[in-house]
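To keep things clear, I will list the structure first and then write my remarks on it.
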Amino acid sequence: MNDIRRTILWVIFGFSLVLLWDQWQVYNGRKPTFMPSSQVAHEDAKKQPVAPEAASGNGVPAAAAGTSATAASGVPAQAATAAASLKVEVKTDVFKAVINSDGGTLSRLELSQYLDQTSQHGLVELFKRLIGQPVPTDEVRPVTLMEDGSPATRYVAQTGLLNPDDKGPHFPTHLTPMRLKEGPLTLADGKDVLEVSFESEPQGGLKYVKTYVFKRGDYSIQVKHQVVNVGDQPRDVQLYLQLVRHGTVPGTTMFGTNTFTGPAFYTDEKKFHKVTFEDIAKKKAEVPPTTDNGWVAMVQHYFASAWLLNVPGSEKVKREFRVADLGNNLYSAAMVLHLPQVAPGATQTLDSNLFAGPEEEKKLEALAPGLDLVKDYGIFAIISKPLYWLLNQLHGMLGNWGWSIVALVVLLKAAFYWLNAKAYASMAKMKAINPKIMEMRERLKDKPQEMQQEMMRIYREEKVNPMGGCFPIVIQIPVFIALYWVLLSSVEMRHAPWVLWIHDLSAPDPWFILPVIMTATSLIQTWLNPTPPDPMQAKLMWIMPLAFSVMFIFFPAGLVLYWITNNALSILQQYVINKRLGVVGEPKKK
């Protein structure tokens with residue numbers, strides 16, 4: 001019975017590692033080995049022809065209006081807007097942005113301080129060449145968060161005005177040509193603020209002025225909206241703030257989605273609420289009800305964008321939340337704001353913030369309630385958040401994320417010391433009686449029922465619990481999974497160095513040194529554990545660490561470092577307990 005349980009645990013453990021390794025393949029831009037269907041679907045979506053509506057975005061105002069295509073059909077024809085389009089490049093210390101004069105849309109956004117990839121040398125590069133996979137060049141490129149490209153890569157931030165009256169005049173939208181006001185486009189040395197303004201021609205009696213305010217070192221862009229009534233009639237108007245993104249998402253593991261990708265909403269009533277692209281496509285998406293608080297975001301691994309209204313004086317504006325499937329693998333998430341009626345000659349002003357940057361938990365907490373929740377911790381968030389807090393505190397003291405991971409494992413092992421001690425003591429006792437068990441199995445190999453009874457008798461006499469070594473380890477699995485999500489989700493690990501050749505804790509070890517050490521520690525643990533009576537299982541216990549070492553090649557260095565440290569401390573504790581009980585290494589055969 002003990003052999004069966006141990007085998008089941010090994011199978012579950014091995015299957016978990018295989019799935020984790022498979023999804024790290026996806027994260028590194030490779031095709032999944034075991035679940036290629038979703039990836040194939042995404043590749044097919046990339047090959048689909050671009051419908052004129054989706055390419056121009058004509059369906060987006062309608063989605064924001066939530067009524068019909070005619071709700072925002074007053075935008076100029078696509079040919080006319082294309083002719084007048086102007087791409088304005090803006091540079092700050094953290095952004096390189098491109099703003100399209102059509103609606104003042106943020107159509108491209110590069111994060112200057114975050115690299116898209118690093119050069120890979122050594123054995124990793126050699127291995128990729130051998131299996132025919134492309135090797136990144138030495139070119140260093142910043143992360144491109146937003147891009148107005150094909151549906152496979154499109155990701156933009158749009159705003160515009162809507163007329164609540166379907167039969168009334170149409171107002172400026174994100175496709176309306178706007179004029180760039182004079183001013184600098186680069187954040188100069190010694191300056192902390194850069195303002196870039198766009199102004200539309202009157203349409204439907206309203207003129208729309210949109211001003212981006214970039215601040216030094218800040219990933220939150222203040223966006224000022226001015227609605228000027230140049231007509232002779234009062235106007236009811238709505239302002240929509242929306243994000244349009246392609247729907248390509250990574251695959252899934254047995255622990256759930258590999259960090260959520262898609263729209264997210266937050267209100268005081270419904271709290272943090274994620275909406276999948278799949279639910280939007282099936283028209284099953286649930287969005288928060290109309291309220292006077294909250295925000296809308298697009299979430300992905302490491303980075304996010306969000307429209308916020310936490311600027312003083314704009315918090316309690318009535319707002320609606322909407323999503324739409326625009327076709328061709330494009331989806332929108334919008335926040336529609338109900339502005340006060342604008343009298344003739346009057347100007348209605350509203351300030352918003354567009355956050356677009358890394359998911360740094362502390363900074364997100366300071367921007368808006370619940371915004372830190374865009375950092376996805378999976379199903380064990382209740383454990384992951386305190387683990388991240390502890391890891392962050394250790395980093396504050398040590399100044400290095402690699403050593404912080406080592407220190408965190410030491411603290412976790414100390415917290416679970418007595419629990420692990422019981423497990424190792426139980427395994428030591430099992431190891432001590434192993435010769436007796438093997439002799440009995442050989443003697444009663446033709447009498448399975450009598451063998452089982454004799455085995456239980458030996459366990460009772462020796463006061464050994466066959467599951468005593470498994471239970472303490474099993475209850476620690478949630479902690480391991482939670483820490484896995486912390487290391488997986490924390491943008492601080494991207495390109496964070498440790499020592500010597502480890503320059504990026506989120507990337508695999510380029511020289512395979514950590515995976516080799518990991519394999520060695522696993523083999524030492526196998527030597528210290530009791531040998532299964534069944535010869536096949538005994539061989540399997542030695543083969544599995546070697547088989548898993550292949551997957552560790554593709555694991556991020558930070559996770560492998562965690563595992564090595566955990567193994568090393570486990571070996572030390574297990575060796576001390578085995579020595580105290582007089583059981584070290586393989587028992588001598590009599």
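Identifiers in the structure tokens: chain A, B, ... in order shown; residue index from 1 per chain; ligand index from 1 in order shown.
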
Show me, as a tab-separated table (two decimals) with N, CA and C atoms, in the first residue's frame, the residues that have an atom within 12 Å of His273 (chain A) when counting only C-alpha atoms, minus same-chain residues fewer than 2 positions from it.
```
chain	number	residue	atom	x	y	z
A	260	PHE	N	-3.36	35.99	-15.53
A	260	PHE	CA	-4.54	36.36	-16.32
A	260	PHE	C	-4.21	37.38	-17.39
A	262	GLY	N	-6.39	39.80	-20.08
A	262	GLY	CA	-7.70	40.24	-20.51
A	262	GLY	C	-8.19	41.45	-19.73
A	263	PRO	N	-9.44	41.85	-19.95
A	263	PRO	CA	-10.00	43.01	-19.25
A	263	PRO	C	-10.26	42.72	-17.78
A	264	ALA	N	-10.18	43.76	-16.98
A	264	ALA	CA	-10.50	43.67	-15.55
A	264	ALA	C	-11.18	44.96	-15.13
A	265	PHE	N	-12.11	44.84	-14.18
A	265	PHE	CA	-12.85	45.99	-13.68
A	265	PHE	C	-12.78	46.01	-12.16
A	266	TYR	N	-13.02	47.19	-11.62
A	266	TYR	CA	-13.09	47.31	-10.17
A	266	TYR	C	-14.11	48.37	-9.81
A	267	THR	N	-15.01	48.02	-8.87
A	267	THR	CA	-15.93	48.99	-8.26
A	267	THR	C	-16.01	48.67	-6.77
A	268	ASP	N	-16.46	49.65	-6.00
A	268	ASP	CA	-16.59	49.42	-4.56
A	268	ASP	C	-17.57	48.30	-4.27
A	269	GLU	N	-18.57	48.13	-5.13
A	269	GLU	CA	-19.62	47.12	-4.90
A	269	GLU	C	-19.14	45.73	-5.32
A	270	LYS	N	-18.60	45.61	-6.53
A	270	LYS	CA	-18.26	44.29	-7.05
A	270	LYS	C	-16.80	43.92	-6.84
A	271	LYS	N	-16.00	44.89	-6.40
A	271	LYS	CA	-14.57	44.68	-6.18
A	271	LYS	C	-13.88	44.28	-7.49
A	275	VAL	N	-12.69	39.57	-16.67
A	275	VAL	CA	-13.56	39.13	-17.75
A	275	VAL	C	-12.68	38.51	-18.83
A	276	THR	N	-12.97	37.29	-19.20
A	276	THR	CA	-12.15	36.61	-20.20
A	276	THR	C	-12.59	37.00	-21.61
A	285	ALA	N	-20.12	37.76	-20.87
A	285	ALA	CA	-19.31	38.57	-19.96
A	285	ALA	C	-20.20	39.34	-18.99
A	286	GLU	N	-19.80	39.33	-17.72
A	286	GLU	CA	-20.51	40.09	-16.69
A	286	GLU	C	-19.65	41.29	-16.30
A	287	VAL	N	-20.21	42.47	-16.47
A	287	VAL	CA	-19.49	43.69	-16.10
A	287	VAL	C	-20.21	44.34	-14.92
A	288	PRO	N	-19.50	45.17	-14.15
A	288	PRO	CA	-20.13	45.81	-13.00
A	288	PRO	C	-21.29	46.71	-13.42
A	289	PRO	N	-22.29	46.88	-12.56
A	289	PRO	CA	-23.39	47.79	-12.86
A	289	PRO	C	-22.94	49.25	-12.83
A	294	GLY	N	-14.76	53.38	-9.58
A	294	GLY	CA	-14.18	52.21	-10.25
A	294	GLY	C	-13.31	52.57	-11.44
A	295	TRP	N	-12.74	51.53	-12.03
A	295	TRP	CA	-11.84	51.70	-13.16
A	295	TRP	C	-11.90	50.48	-14.08
A	296	VAL	N	-11.28	50.62	-15.26
A	296	VAL	CA	-11.22	49.54	-16.24
A	296	VAL	C	-9.76	49.35	-16.62
A	297	ALA	N	-9.37	48.09	-16.85
A	297	ALA	CA	-7.97	47.80	-17.15
A	297	ALA	C	-7.85	46.68	-18.17
A	298	MET	N	-6.67	46.59	-18.77
A	298	MET	CA	-6.24	45.44	-19.57
A	298	MET	C	-5.02	44.86	-18.89
A	299	VAL	N	-5.08	43.57	-18.59
A	299	VAL	CA	-4.05	42.92	-17.79
A	299	VAL	C	-3.32	41.88	-18.63
A	321	PHE	N	-19.72	50.41	-17.48
A	321	PHE	CA	-18.62	49.55	-17.92
A	321	PHE	C	-19.14	48.64	-19.03
A	370	GLY	N	-7.64	48.75	-5.15
A	370	GLY	CA	-7.74	47.48	-5.85
A	370	GLY	C	-6.88	47.34	-7.08
A	371	LEU	N	-6.15	48.39	-7.47
A	371	LEU	CA	-5.36	48.29	-8.70
A	371	LEU	C	-4.23	47.28	-8.57
A	373	LEU	N	-4.45	44.44	-7.57
A	373	LEU	CA	-4.96	43.10	-7.85
A	373	LEU	C	-4.77	42.69	-9.31
A	374	VAL	N	-4.36	43.63	-10.17
A	374	VAL	CA	-4.08	43.23	-11.55
A	374	VAL	C	-2.86	42.32	-11.61
A	376	ASP	N	-1.54	39.11	-10.98
A	376	ASP	CA	-2.26	37.86	-10.78
A	376	ASP	C	-1.42	36.86	-10.00
```

**Item:** Selection: 6 Å around region 552-560 of chain A, only C-alpha atoms, excl. self and same-chain fewer than 2 positions, as an NGL selection string
**Value:** :A and (505-509 or 515 or 549-550 or 562-563)

Resulting file, chosen residues, N, CA and C atoms, as a PDB file, in the first residue's frame:
```
ATOM      1  N   LEU A 505      16.937  36.566 -13.432  1.00  0.00           N
ATOM      2  CA  LEU A 505      16.295  35.509 -12.647  1.00  0.00           C
ATOM      3  C   LEU A 505      15.012  34.990 -13.292  1.00  0.00           C
ATOM      4  N   SER A 506      14.453  35.732 -14.255  1.00  0.00           N
ATOM      5  CA  SER A 506      13.230  35.280 -14.916  1.00  0.00           C
ATOM      6  C   SER A 506      13.518  34.454 -16.162  1.00  0.00           C
ATOM      7  N   ALA A 507      14.798  34.327 -16.527  1.00  0.00           N
ATOM      8  CA  ALA A 507      15.196  33.556 -17.715  1.00  0.00           C
ATOM      9  C   ALA A 507      15.952  32.297 -17.286  1.00  0.00           C
ATOM     10  N   PRO A 508      16.010  31.292 -18.143  1.00  0.00           N
ATOM     11  CA  PRO A 508      16.764  30.075 -17.807  1.00  0.00           C
ATOM     12  C   PRO A 508      18.245  30.367 -17.646  1.00  0.00           C
ATOM     13  N   ASP A 509      18.919  29.530 -16.867  1.00  0.00           N
ATOM     14  CA  ASP A 509      20.358  29.618 -16.680  1.00  0.00           C
ATOM     15  C   ASP A 509      21.036  29.335 -18.031  1.00  0.00           C
ATOM     16  N   PRO A 515      20.534  24.041 -13.119  1.00  0.00           N
ATOM     17  CA  PRO A 515      19.826  22.766 -13.293  1.00  0.00           C
ATOM     18  C   PRO A 515      20.679  21.555 -12.922  1.00  0.00           C
ATOM     19  N   SER A 549      15.560  16.892 -14.777  1.00  0.00           N
ATOM     20  CA  SER A 549      16.625  17.866 -15.016  1.00  0.00           C
ATOM     21  C   SER A 549      16.501  18.507 -16.393  1.00  0.00           C
ATOM     22  N   VAL A 550      15.921  17.783 -17.357  1.00  0.00           N
ATOM     23  CA  VAL A 550      15.716  18.346 -18.689  1.00  0.00           C
ATOM     24  C   VAL A 550      14.749  19.526 -18.619  1.00  0.00           C
ATOM     25  N   TYR A 562      15.347  28.765  -6.026  1.00  0.00           N
ATOM     26  CA  TYR A 562      14.472  28.439  -4.898  1.00  0.00           C
ATOM     27  C   TYR A 562      14.535  26.946  -4.589  1.00  0.00           C
ATOM     28  N   TRP A 563      14.445  26.138  -5.625  1.00  0.00           N
ATOM     29  CA  TRP A 563      14.381  24.687  -5.446  1.00  0.00           C
ATOM     30  C   TRP A 563      15.704  24.141  -4.914  1.00  0.00           C
TER      31      TRP A 563
END
```

**Message:** Taking the DSSP secondary structure from the backbone, can you list the residues of region 94-330 of chain A that are helix (DSSP H, G or I), as an MDAnalysis selection string?
**Reply:** chainID A and resid 122:130 277:281

Next, dump the selected residues to file, keeping only N, CA and C atoms, as a tab-separated table (two decimals), in the first residue's frame.
```tsv
chain	number	residue	atom	x	y	z
A	122	GLY	N	26.08	30.97	-24.57
A	122	GLY	CA	26.43	29.73	-23.91
A	122	GLY	C	25.62	28.56	-24.41
A	123	LEU	N	25.31	27.63	-23.49
A	123	LEU	CA	24.67	26.37	-23.85
A	123	LEU	C	23.23	26.56	-24.31
A	124	VAL	N	22.54	27.59	-23.79
A	124	VAL	CA	21.16	27.83	-24.21
A	124	VAL	C	21.12	28.16	-25.70
A	125	GLU	N	22.01	29.05	-26.12
A	125	GLU	CA	22.07	29.40	-27.54
A	125	GLU	C	22.43	28.19	-28.38
A	126	LEU	N	23.41	27.40	-27.93
A	126	LEU	CA	23.82	26.20	-28.66
A	126	LEU	C	22.67	25.21	-28.77
A	127	PHE	N	21.93	25.02	-27.66
A	127	PHE	CA	20.82	24.08	-27.66
A	127	PHE	C	19.72	24.54	-28.63
A	128	LYS	N	19.43	25.84	-28.64
A	128	LYS	CA	18.40	26.35	-29.55
A	128	LYS	C	18.80	26.13	-31.00
A	129	ARG	N	20.06	26.36	-31.29
A	129	ARG	CA	20.52	26.16	-32.67
A	129	ARG	C	20.39	24.69	-33.07
A	130	LEU	N	20.69	23.78	-32.13
A	130	LEU	CA	20.63	22.36	-32.45
A	130	LEU	C	19.21	21.89	-32.74
A	277	PHE	N	-11.65	36.94	-22.54
A	277	PHE	CA	-11.99	37.19	-23.94
A	277	PHE	C	-13.01	36.17	-24.44
A	278	GLU	N	-12.90	34.96	-23.95
A	278	GLU	CA	-13.83	33.90	-24.36
A	278	GLU	C	-15.26	34.24	-23.97
A	279	ASP	N	-15.44	34.76	-22.76
A	279	ASP	CA	-16.79	35.14	-22.32
A	279	ASP	C	-17.32	36.31	-23.14
A	280	ILE	N	-16.44	37.23	-23.51
A	280	ILE	CA	-16.88	38.36	-24.34
A	280	ILE	C	-17.35	37.84	-25.69
A	281	ALA	N	-16.57	36.93	-26.29
A	281	ALA	CA	-16.94	36.39	-27.60
A	281	ALA	C	-18.26	35.63	-27.54
```

**Request:** Could you check how far CA of Ile405 (chain A) sits from CA of Val474 (chain A), in Å to one decimal?
**Result:**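 Those two atoms sit 21.6 Å apart.
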